[in-house]
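Source file: query_20.csv. Holds: CSV, C-alpha atoms.
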```csv
chain,number,residue,atom,x,y,z
J,1,MET,CA,70.2,170.1,90.0
J,2,GLN,CA,73.4,171.6,91.3
J,3,VAL,CA,75.9,168.8,91.6
J,4,PHE,CA,77.2,166.7,88.7
J,5,ILE,CA,79.7,163.8,89.0
J,6,VAL,CA,81.3,163.9,85.5
J,7,GLY,CA,83.6,161.3,83.8
J,8,ALA,CA,86.5,163.3,82.2
J,9,GLY,CA,87.4,160.5,79.8
J,10,PRO,CA,90.8,158.8,79.5
J,11,GLY,CA,93.0,161.8,79.0
J,12,ASP,CA,92.4,163.4,75.6
J,13,PRO,CA,90.4,166.6,76.4
J,14,GLU,CA,88.2,165.9,73.3
J,15,LEU,CA,87.1,162.5,74.7
J,16,ILE,CA,85.0,164.1,77.4
J,17,THR,CA,81.3,163.8,76.5
J,18,VAL,CA,79.6,166.8,75.0
J,19,LYS,CA,77.3,166.9,78.1
J,20,GLY,CA,80.3,166.7,80.4
J,21,GLN,CA,82.0,169.5,78.5
J,22,LYS,CA,79.0,171.8,78.7
J,23,LEU,CA,78.7,171.2,82.5
J,24,LEU,CA,82.4,171.9,82.9
J,25,GLN,CA,82.1,175.2,81.0
J,26,THR,CA,79.2,176.4,83.2
J,27,ALA,CA,80.3,175.1,86.6
J,28,ASP,CA,80.9,177.6,89.5
J,29,VAL,CA,82.9,175.1,91.4
J,30,ILE,CA,85.1,172.3,90.0
J,31,ILE,CA,86.6,169.6,92.1
J,32,TYR,CA,88.9,167.4,89.9
J,33,ALA,CA,91.0,164.3,90.5
J,34,GLY,CA,94.3,166.0,90.0
J,35,SER,CA,96.4,162.9,90.0
J,36,LEU,CA,94.8,161.5,86.9
J,37,VAL,CA,92.6,164.1,85.1
J,38,ASN,CA,94.3,165.9,82.3
J,39,PRO,CA,94.7,169.5,83.5
J,40,ALA,CA,94.0,170.7,79.9
J,41,LEU,CA,90.3,170.1,80.7
J,42,LEU,CA,90.4,172.9,83.2
J,43,ALA,CA,90.9,175.4,80.4
J,44,LEU,CA,87.2,174.8,79.7
J,45,ALA,CA,86.3,176.4,83.1
J,46,LYS,CA,84.6,179.8,83.0
J,47,GLN,CA,86.3,182.8,84.4
J,48,GLY,CA,85.9,183.1,88.1
J,49,ALA,CA,85.1,179.4,88.6
J,50,LYS,CA,86.6,178.0,91.8
J,51,ILE,CA,88.8,175.0,91.2
J,52,TYR,CA,89.9,172.4,93.7
J,53,ASN,CA,92.4,169.5,93.3
J,54,SER,CA,91.0,166.6,95.3
J,55,ALA,CA,94.4,164.8,95.2
J,56,SER,CA,95.2,166.7,98.4
J,57,MET,CA,91.7,166.6,99.9
J,58,THR,CA,90.0,164.1,102.2
J,59,LEU,CA,86.5,162.8,101.7
J,60,PRO,CA,85.1,165.1,104.4
J,61,GLU,CA,86.8,168.0,102.8
J,62,VAL,CA,85.4,167.2,99.3
J,63,ILE,CA,81.9,166.8,100.7
J,64,GLU,CA,82.1,170.0,102.8
J,65,THR,CA,83.3,171.9,99.7
J,66,ILE,CA,80.3,170.6,97.7
J,67,GLU,CA,77.8,171.3,100.5
J,68,GLN,CA,79.0,174.9,101.0
J,69,ALA,CA,78.8,175.5,97.3
J,70,VAL,CA,75.2,174.1,97.2
J,71,LYS,CA,74.2,176.4,100.1
J,72,ILE,CA,75.0,179.5,98.1
J,73,GLY,CA,73.4,178.2,94.9
J,74,ALA,CA,76.6,177.4,93.0
J,75,MET,CA,76.7,174.6,90.4
J,76,VAL,CA,79.4,172.0,91.2
J,77,VAL,CA,81.2,169.6,88.9
J,78,ARG,CA,83.0,166.7,90.6
J,79,LEU,CA,85.4,165.7,87.8
J,80,HIS,CA,86.7,162.1,87.8
J,81,THR,CA,89.0,160.4,85.4
J,82,GLY,CA,87.7,157.9,82.7
J,83,ASP,CA,84.2,156.7,83.7
J,84,PRO,CA,83.6,157.5,87.4
J,85,SER,CA,81.9,154.1,88.0
J,86,ILE,CA,85.2,152.2,87.6
J,87,TYR,CA,87.7,152.6,90.5
J,88,GLY,CA,86.4,156.1,91.0
J,89,ALA,CA,85.6,155.9,94.7
J,90,ILE,CA,82.4,157.7,94.0
J,91,GLN,CA,80.0,155.5,96.0
J,92,GLU,CA,81.2,156.8,99.3
J,93,GLN,CA,80.8,160.4,97.9
J,94,MET,CA,77.3,159.7,96.6
J,95,ASP,CA,76.2,158.0,99.9
J,96,GLU,CA,77.4,161.0,101.8
J,97,LEU,CA,75.6,163.4,99.5
J,98,LYS,CA,72.4,161.4,100.0
J,99,ARG,CA,72.9,161.5,103.8
J,100,ARG,CA,73.0,165.3,103.5
J,101,GLN,CA,70.0,165.3,101.2
J,102,ILE,CA,72.1,166.8,98.3
J,103,GLU,CA,70.8,165.8,94.9
J,104,TYR,CA,73.3,164.9,92.2
J,105,THR,CA,73.5,163.5,88.7
J,106,VAL,CA,76.2,161.2,87.3
J,107,ILE,CA,77.5,161.8,83.8
J,108,PRO,CA,79.3,158.8,82.3
J,109,GLY,CA,82.7,159.0,80.6
J,110,VAL,CA,85.0,157.0,78.3
J,111,SER,CA,86.9,154.6,80.4
J,112,SER,CA,90.6,154.0,79.9
J,113,PHE,CA,90.1,150.3,79.1
J,114,LEU,CA,88.1,151.5,76.0
J,115,ALA,CA,90.7,154.1,75.1
J,116,THR,CA,93.3,151.3,75.4
J,117,ALA,CA,91.3,149.1,72.9
J,118,ALA,CA,91.3,152.1,70.5
J,119,ALA,CA,95.1,152.6,71.0
J,120,LEU,CA,95.7,148.9,70.3
J,121,LYS,CA,93.2,149.0,67.4
J,122,GLN,CA,91.8,145.8,68.9
J,123,GLU,CA,88.3,144.4,69.4
J,124,TYR,CA,88.2,142.6,72.8
J,125,THR,CA,85.3,140.2,71.9
J,126,LEU,CA,86.4,138.1,68.9
J,127,PRO,CA,84.1,135.2,67.8
J,128,GLY,CA,85.6,131.9,68.8
J,129,ILE,CA,88.3,133.5,71.0
J,130,SER,CA,86.7,135.6,73.7
J,131,GLN,CA,83.2,136.8,74.3
J,132,THR,CA,83.8,138.1,77.8
J,133,VAL,CA,85.8,141.1,79.1
J,134,ILE,CA,86.9,141.0,82.8
J,135,ILE,CA,87.7,144.4,84.3
J,136,THR,CA,89.7,144.0,87.5
J,137,ARG,CA,92.9,144.9,89.4
J,138,ASN,CA,95.6,143.0,91.3
J,139,GLU,CA,95.5,142.9,95.0
J,140,GLY,CA,97.6,145.6,96.7
J,141,ARG,CA,96.9,147.9,99.5
J,142,THR,CA,93.3,147.6,98.5
J,143,PRO,CA,92.3,143.9,99.0
J,144,VAL,CA,90.1,142.0,96.6
J,145,PRO,CA,87.6,139.2,97.4
J,146,GLU,CA,89.1,135.7,97.4
J,147,LYS,CA,87.0,134.7,94.4
J,148,GLU,CA,88.2,137.7,92.5
J,149,LYS,CA,91.9,137.2,92.8
J,150,LEU,CA,93.7,137.2,89.4
J,151,ALA,CA,94.4,133.5,89.5
J,152,SER,CA,90.7,132.7,90.0
J,153,LEU,CA,89.6,135.1,87.2
J,154,ALA,CA,92.3,133.8,84.8
J,155,ALA,CA,90.7,130.3,84.8
J,156,HIS,CA,88.0,131.8,82.5
J,157,GLY,CA,90.6,132.5,79.7
J,158,ALA,CA,88.6,135.6,78.8
J,159,THR,CA,90.0,139.0,77.8
J,160,MET,CA,91.2,140.7,80.9
J,161,CYS,CA,91.7,144.4,81.4
J,162,ILE,CA,93.8,145.0,84.6
J,163,PHE,CA,93.8,148.4,86.2
J,164,LEU,CA,96.2,149.9,88.7
J,165,SER,CA,98.6,147.0,88.7
J,166,VAL,CA,101.5,147.7,86.3
J,167,HIS,CA,103.8,148.4,89.3
J,168,MET,CA,103.2,144.8,90.4
J,169,LEU,CA,103.6,143.3,86.9
J,170,ASP,CA,105.8,140.4,88.1
J,171,ASP,CA,103.1,139.3,90.6
J,172,VAL,CA,100.4,139.9,88.0
J,173,VAL,CA,102.1,137.6,85.5
J,174,LYS,CA,102.6,134.9,88.1
J,175,GLU,CA,99.0,135.0,89.1
J,176,LEU,CA,97.7,134.9,85.5
J,177,ILE,CA,99.9,131.9,84.6
J,178,ALA,CA,99.0,130.1,87.9
J,179,GLY,CA,95.3,130.6,87.1
J,180,GLY,CA,95.4,129.1,83.6
J,181,TYR,CA,96.8,131.4,81.0
J,182,ASP,CA,99.6,129.8,79.0
J,183,SER,CA,102.9,131.6,79.2
J,184,THR,CA,102.6,132.3,75.4
J,185,THR,CA,99.4,134.3,75.9
J,186,PRO,CA,99.7,137.8,74.3
J,187,ILE,CA,99.8,140.8,76.7
J,188,ALA,CA,99.8,144.5,76.0
J,189,ILE,CA,100.5,147.4,78.3
J,190,VAL,CA,99.3,150.8,77.3
J,191,GLN,CA,100.5,153.8,79.2
J,192,LYS,CA,98.3,157.0,79.1
J,193,ALA,CA,96.0,155.8,76.4
J,194,SER,CA,94.8,158.8,74.3
J,195,TRP,CA,97.4,161.2,75.7
J,196,PRO,CA,100.1,162.6,73.4
J,197,GLU,CA,102.7,160.6,75.3
J,198,GLU,CA,100.8,157.3,74.9
J,199,LYS,CA,103.1,154.3,74.9
J,200,ILE,CA,102.3,150.7,73.9
J,201,ILE,CA,104.3,147.6,74.8
J,202,ARG,CA,103.4,144.2,73.3
J,203,ALA,CA,104.8,140.9,74.4
J,204,THR,CA,103.7,137.5,75.9
J,205,LEU,CA,103.3,136.6,79.6
J,206,ALA,CA,106.7,134.9,79.4
J,207,THR,CA,108.5,138.0,78.1
J,208,ILE,CA,106.6,141.1,79.3
J,209,VAL,CA,108.5,141.7,82.5
J,210,GLU,CA,111.8,141.8,80.7
J,211,GLU,CA,110.3,144.0,78.0
J,212,LEU,CA,109.1,146.5,80.5
J,213,LYS,CA,112.4,146.8,82.5
J,214,ASP,CA,113.7,149.9,80.7
J,215,GLN,CA,110.4,151.5,79.7
J,216,ASP,CA,109.8,153.7,82.8
J,217,ILE,CA,106.2,152.6,83.1
J,218,THR,CA,105.1,152.6,86.7
J,219,ARG,CA,101.6,154.1,86.7
J,220,THR,CA,98.6,155.2,84.6
J,221,ALA,CA,98.9,152.1,82.5
J,222,MET,CA,96.4,149.5,81.5
J,223,ILE,CA,97.3,145.8,81.2
J,224,VAL,CA,95.4,143.7,78.6
J,225,VAL,CA,95.9,140.0,78.4
J,226,SER,CA,94.0,137.9,75.8
J,227,ARG,CA,94.4,135.6,72.9
J,228,CYS,CA,92.4,138.2,70.9
J,229,LEU,CA,95.6,140.3,70.7
J,230,ASP,CA,97.3,137.9,68.3
J,231,THR,CA,95.3,135.1,66.8
J,232,ASP,CA,93.1,133.9,64.0
J,233,TYR,CA,89.4,134.2,64.7
J,234,GLU,CA,86.0,133.4,63.2
J,235,LEU,CA,84.3,136.1,61.2
J,236,SER,CA,81.2,137.6,62.7
J,237,ARG,CA,78.0,136.1,61.5
J,238,LEU,CA,76.5,139.6,61.5
J,239,TYR,CA,77.9,140.4,58.1
J,240,ALA,CA,78.0,136.9,56.6
J,241,PRO,CA,76.2,136.9,53.2
J,242,GLU,CA,74.3,133.7,54.2
J,243,PHE,CA,73.2,135.1,57.5
J,244,SER,CA,69.8,136.7,57.6
J,245,HIS,CA,68.3,139.0,60.3
J,246,MET,CA,65.6,141.6,60.6
J,247,TYR,CA,67.5,144.2,58.5
J,248,ARG,CA,68.8,141.9,55.7
J,249,ASP,CA,67.9,138.8,53.9
J,250,ALA,CA,70.4,136.0,53.3
J,251,LYS,CA,72.1,136.0,49.9
```
If you took the structure in this file and wrote it as structure tokens, what would it be?
Amino acid sequence: MQVFIVGAGPGDPELITVKGQKLLQTADVIIYAGSLVNPALLALAKQGAKIYNSASMTLPEVIETIEQAVKIGAMVVRLHTGDPSIYGAIQEQMDELKRRQIEYTVIPGVSSFLATAAALKQEYTLPGISQTVIITRNEGRTPVPEKEKLASLAAHGATMCIFLSVHMLDDVVKELIAGGYDSTTPIAIVQKASWPEEKIIRATLATIVEELKDQDITRTAMIVVSRCLDTDYELSRLYAPEFSHMYRDAK
């Protein structure tokens, strides 16, 4: 195997997986998503490795670079931010590699929505509050299916993690309230979760737009909306003394 699509994690260089780190250290060619991947990860590259920033490349250029490397027996790491399966635009790359009969392996990574939960010190799935996490984005230049617009998804009242939408926050809030969230619903915005410059803003749907006005947060931020952010909840039955399961008898 010569080609590896690797999740770089959310930003902290230590949050790449051990497997991803080892591949990065041995790669002959590294193509990284320069607009999002922490450049500190490139310090792991071995001496002499060829490094390409895909932010300035087209899909044909990325695939051509991979194909030429494979032809000379080089090992390639295609480094994507977070986990590559979420808004990573990797399907089109994988399909093109298949078409050219180039074998590849995908190495998962820690997604920014998980790093955001860690930054907030928050469990997204609280008993009696929310048992569902919706990962989505607001419609912008990239359209979303009609049934997946924010207003439609908001009807579930579940925990929602919204990518790539903080620059449209006013529209996001309007859609969420129109879909069913009460204006008092807690919301958190985390910019650059796990980075040294991580920033957290907490508010409600009614107040978040005003709260964010002077914060200079326009990208690389996750929006989380859920009652789990500020509410009482039922304790998990997993650790209840009277609850028995295959590992413990009820007391």
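Counting only C-alpha atoms, the residue from J:Gln2, J:Thr218, J:Ser226, J:Ser165 that sits nearest to Thr184 in chain J is J:Ser226.
Using all atoms listed in the file, the shortest contact distance between Gly82 in chain J and any of J:Arg227, J:Lys149, J:Lys192, J:Lys19 is found at J:Lys192.
Between CA of Ile187 in chain J and CA of Ile223 in chain J there is a distance of 7.2 Å.
Remark: for Gln101 in chain J, the closest of the candidate residues J:Ile135, J:Val209, J:Val70, J:Ile5 is J:Val70 (distances computed over all atoms listed in the file).
The closest residue to Gly9 in chain J, picked from J:Gly109, J:Gly48, J:Pro143, J:Pro39 and counting only C-alpha atoms, is J:Gly109.
Proximity of J:Leu120, J:Ile90, J:Val76, J:Ile63 to Gln25 in chain J, computed with all atoms listed in the file, is greatest for J:Val76.
Taking CA of Thr132 in chain J and CA of Val190 in chain J as the two end points, the separation is 20.0 Å.
Between Val37 in chain J and the candidates J:Arg78, J:Lys174, J:Lys22, J:Lys50, the tightest atom-to-atom separation, counting only C-alpha atoms, involves J:Arg78.
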Selection near Thr207 in chain J, 9 Å with only C-alpha atoms, sequence-local residues under 4 positions removed, as a compact mmCIF listing (two decimals) with C-alpha atoms, in the coordinates of the input:
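What follows is the written file around.txt:
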```
# COMPACT_ATOMS: atom_id res chain seq x y z
CA SER J 183 102.90 131.60 79.20
CA THR J 184 102.60 132.30 75.40
CA ALA J 203 104.80 140.90 74.40
CA GLU J 211 110.30 144.00 78.00
CA LEU J 212 109.10 146.50 80.50
```
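For the pair CA of Cys228 in chain J and CA of Ile162 in chain J, the interatomic distance is 15.4 Å.
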Report task. Neighbourhood query: residues within 8 Å of (91.6, 165.3, 75.7), file coordinates, counting only C-alpha atoms; return as a PyMOL selection string. Result -> chain J and resi 9-16+38+40-41+194-195
Report task. Do a neighbour search on Asp171 in chain J at 10 Å with all atoms listed in the file, toss out local chain neighbours closer than 5 positions, and write the hits as a PyMOL selection string. Result -> chain J and resi 138-139+150+165-166+176
Requested in this report: Can you pull out every residue within 12 Å of Gln131 in chain J, counting all atoms listed in the file, but drop anything in the same chain fewer than 2 positions away, and send it as a count of residues only?
Outcome: 20
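Within 8 Å of the file-frame point (82.2, 177.0, 87.6), and using all atoms listed in the file, the polymer residues found are Leu24, Gln25, Thr26, Ala27, Asp28, Val29, Ile30, Ala45, Lys46, Gln47, Gly48, Ala49, Lys50, Ile51, Ala74, Met75, Val76 and Val77 of chain J.
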Query raised in the report: Which residues, written as a PyMOL selection string, have at least one atom at most 8 Å from Gln93 in chain J, with only C-alpha atoms counted and residues fewer than 4 positions away on the same chain left out?
Result: chain J and resi 59+63+89+97
